[in-house]
Every structure is written in structure tokens, then in C-alpha cells.
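Next up, data.txt (compact mmCIF, C-alpha atoms):
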# COMPACT_ATOMS: atom_id res chain seq x y z
CA MET A 1454 169.33 46.57 113.01
CA LYS A 1455 170.56 46.74 109.40
CA ILE A 1456 168.73 43.53 108.47
CA ALA A 1457 165.56 44.89 110.06
CA ILE A 1458 165.69 47.94 107.81
CA VAL A 1459 166.23 45.78 104.72
CA LEU A 1460 163.39 43.47 105.70
CA LEU A 1461 161.14 46.40 106.51
CA SER A 1462 161.63 47.67 102.98
CA LEU A 1463 160.93 44.19 101.60
CA PHE A 1464 157.70 43.96 103.61
CA SER A 1465 156.63 47.34 102.33
CA LEU A 1466 157.02 46.05 98.78
CA GLY A 1467 154.54 43.33 99.66
CA PHE A 1468 156.68 40.69 98.01
CA VAL A 1469 154.62 41.10 94.86
CA TRP A 1470 157.71 40.11 92.88
CA ALA A 1471 158.63 37.18 95.13
CA ASN A 1472 158.26 33.60 94.08
CA THR A 1473 159.49 30.52 95.84
CA PRO A 1474 162.34 29.60 93.44
CA ALA A 1475 163.72 33.15 93.55
CA CYS A 1476 163.74 33.05 97.36
CA PHE A 1477 166.19 30.16 97.39
CA SER A 1478 168.82 32.37 95.74
CA ILE A 1479 168.86 34.72 98.76
CA ARG A 1480 171.93 34.03 100.91
CA ASP A 1481 170.87 35.68 104.17
CA PRO A 1482 168.82 33.07 106.12
CA ASP A 1483 166.38 35.56 107.66
CA ARG A 1484 165.68 37.29 104.35
CA LYS A 1485 165.32 33.92 102.62
CA ASN A 1486 162.83 32.66 105.22
CA VAL A 1487 160.78 35.86 105.08
CA CYS A 1488 160.72 35.63 101.29
CA LEU A 1489 159.62 31.98 101.42
CA ALA A 1490 156.94 32.76 104.01
CA MET A 1491 155.54 35.62 101.97
CA SER A 1492 155.68 33.88 98.61
CA SER A 1493 154.13 30.65 99.85
CA ARG A 1494 151.94 32.25 102.55
CA GLN A 1495 153.25 29.66 105.04
CA ASN A 1496 153.96 30.89 108.54
CA SER A 1497 156.29 27.96 109.28
CA TYR A 1498 159.11 29.82 107.50
CA CYS A 1499 158.63 32.79 109.85
CA PHE A 1500 159.54 30.62 112.83
CA SER A 1501 163.00 30.06 111.31
CA VAL A 1502 163.74 33.81 111.40
CA LYS A 1503 166.20 34.59 114.21
CA ASP A 1504 165.49 38.30 114.68
CA ALA A 1505 162.41 38.58 116.93
CA ASP A 1506 161.05 41.78 115.38
CA THR A 1507 161.42 40.40 111.88
CA LYS A 1508 159.78 37.13 112.94
CA ASN A 1509 156.79 39.02 114.34
CA MET A 1510 156.55 41.19 111.23
CA CYS A 1511 156.64 38.05 109.10
CA LEU A 1512 153.92 36.33 111.15
CA ALA A 1513 151.73 39.43 111.14
CA ASN A 1514 151.92 39.71 107.36
CA VAL A 1515 151.50 36.03 106.56
CA MET A 1516 148.70 35.43 109.06
CA GLN A 1517 147.18 38.92 108.68
CA GLU A 1518 147.01 39.34 112.47
CA LYS A 1519 147.89 42.71 114.01
CA SER A 1520 148.53 41.09 117.40
CA TYR A 1521 152.03 40.13 116.20
CA CYS A 1522 152.75 43.79 115.39
CA HIS A 1523 152.37 44.73 119.04
CA SER A 1524 155.30 42.45 119.93
CA ILE A 1525 157.70 44.38 117.68
CA LYS A 1526 160.14 46.54 119.68
CA LEU A 1527 161.44 48.81 116.91
CA HIS A 1528 158.99 51.73 116.74
CA ASP A 1529 159.19 52.32 112.98
CA MET A 1530 158.83 48.62 112.19
CA LYS A 1531 155.86 48.33 114.56
CA GLN A 1532 154.14 51.29 112.90
CA GLN A 1533 154.80 49.87 109.43
CA CYS A 1534 153.39 46.52 110.53
CA LEU A 1535 150.24 48.10 111.96
CA ALA A 1536 149.75 50.06 108.74
CA GLN A 1537 150.22 47.00 106.49
CA VAL A 1538 148.24 44.32 108.26
CA LYS A 1539 144.53 44.62 107.65
Written form, C-alpha cells:
Amino acid sequence: MKIAIVLLSLFSLGFVWANTPACFSIRDPDRKNVCLAMSSRQNSYCFSVKDADTKNMCLANVMQEKSYCHSIKLHDMKQQCLAQVK
């Protein structure tokens, strides 16, 4: 749950500051993979995320598909996803 909250805040930032080399310095594997997915816009990194809600949030943001948001179980994260993905 704690990682979901951290990742939710990172998604809300839009990873504007993220770049691929900076992502490699992140120690937590899920956060690192989300960062790499967002900075490179490659959904393959999302599939390495272990937490299902975070994986779906990652896929929704990278692929810009709301259908992934509907698979998120945490209510707040689902609502954030639906609000972010166009």
C-alpha cells in the first residue's frame, strides 16, 4: 500500500523530471520500472512491476488507455488514473 501511494504521487507529477539515466538510480524495482516506462514511453517496463494496481496505472499512462484504469482495485488510485489518462 505504501508503494502505491508513492507511485500515485509520482504519476501525478507526470514524470516531467524523469529521464532514463536518473531512473537507474532508483533502488525500488517497481518505482524504477515505472520511471523507465514513463521516461521512455515503453510499456514493456510496466510488465516488470509486481504490484498489480501500479502495473495497471503504468500501462494506462504509457499507452494512454483508460481501460487499464478500470482494473485498479484501490479507489483513489483508480480515480487518479481515470483523471490523468486522456
Item to check | Point-to-point distance in Å for atom CA of Phe1477 of chain A and atom CA of Ala1536 of chain A | outcome: 28.2 Å
Next on the checklist: Please determine, counting only C-alpha atoms, which residue among A:Thr1473, A:Ser1524, A:Gln1537, A:Gln1532 has the shortest atom-to-atom distance to Gln1495 of chain A.
Outcome noted: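 Among the listed residues, A:Thr1473 lies closest to Gln1495 of chain A.
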Checklist entry - Taking all atoms listed in the file into account, which of A:Asn1472, A:Ser1520, A:Ser1478, A:Gln1533 comes nearest Met1491 of chain A? => result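 Distance minimum relative to Met1491 of chain A lands on A:Asn1472.
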Checklist entry - What does the distance from atom CA of Asp1483 of chain A to atom CA of Cys1499 of chain A come to in Å, to one decimal? => result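 Between atom CA of Asp1483 of chain A and atom CA of Cys1499 of chain A the gap works out to 8.5 Å.
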Next on the checklist: From the options A:Ala1490, A:Cys1522, A:Leu1535, A:Leu1527, which residue's atoms come nearest to Met1510 of chain A, counting all atoms listed in the file?
Outcome noted: A:Cys1522
Item to check | A:Ala1513, A:Leu1489, A:Ala1505, A:Cys1476 ranked by distance to Lys1526 of chain A, top pick (using all atoms listed in the file) | outcome: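 Of all the options, A:Ala1505 lies closest to Lys1526 of chain A.
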Checklist entry - Counting only C-alpha atoms, which of A:Asn1514, A:Thr1507, A:Ser1497, A:Ser1492 gets nearest to Pro1474 of chain A? => result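 Using only C-alpha atoms, Pro1474 of chain A sits closest to A:Ser1492.
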Next on the checklist: Report, in Å to a single decimal, how far apart atom CA of Cys1488 of chain A and atom CA of Val1538 of chain A are.
Outcome noted: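 Atom CA of Val1538 of chain A sits 16.7 Å away from atom CA of Cys1488 of chain A.
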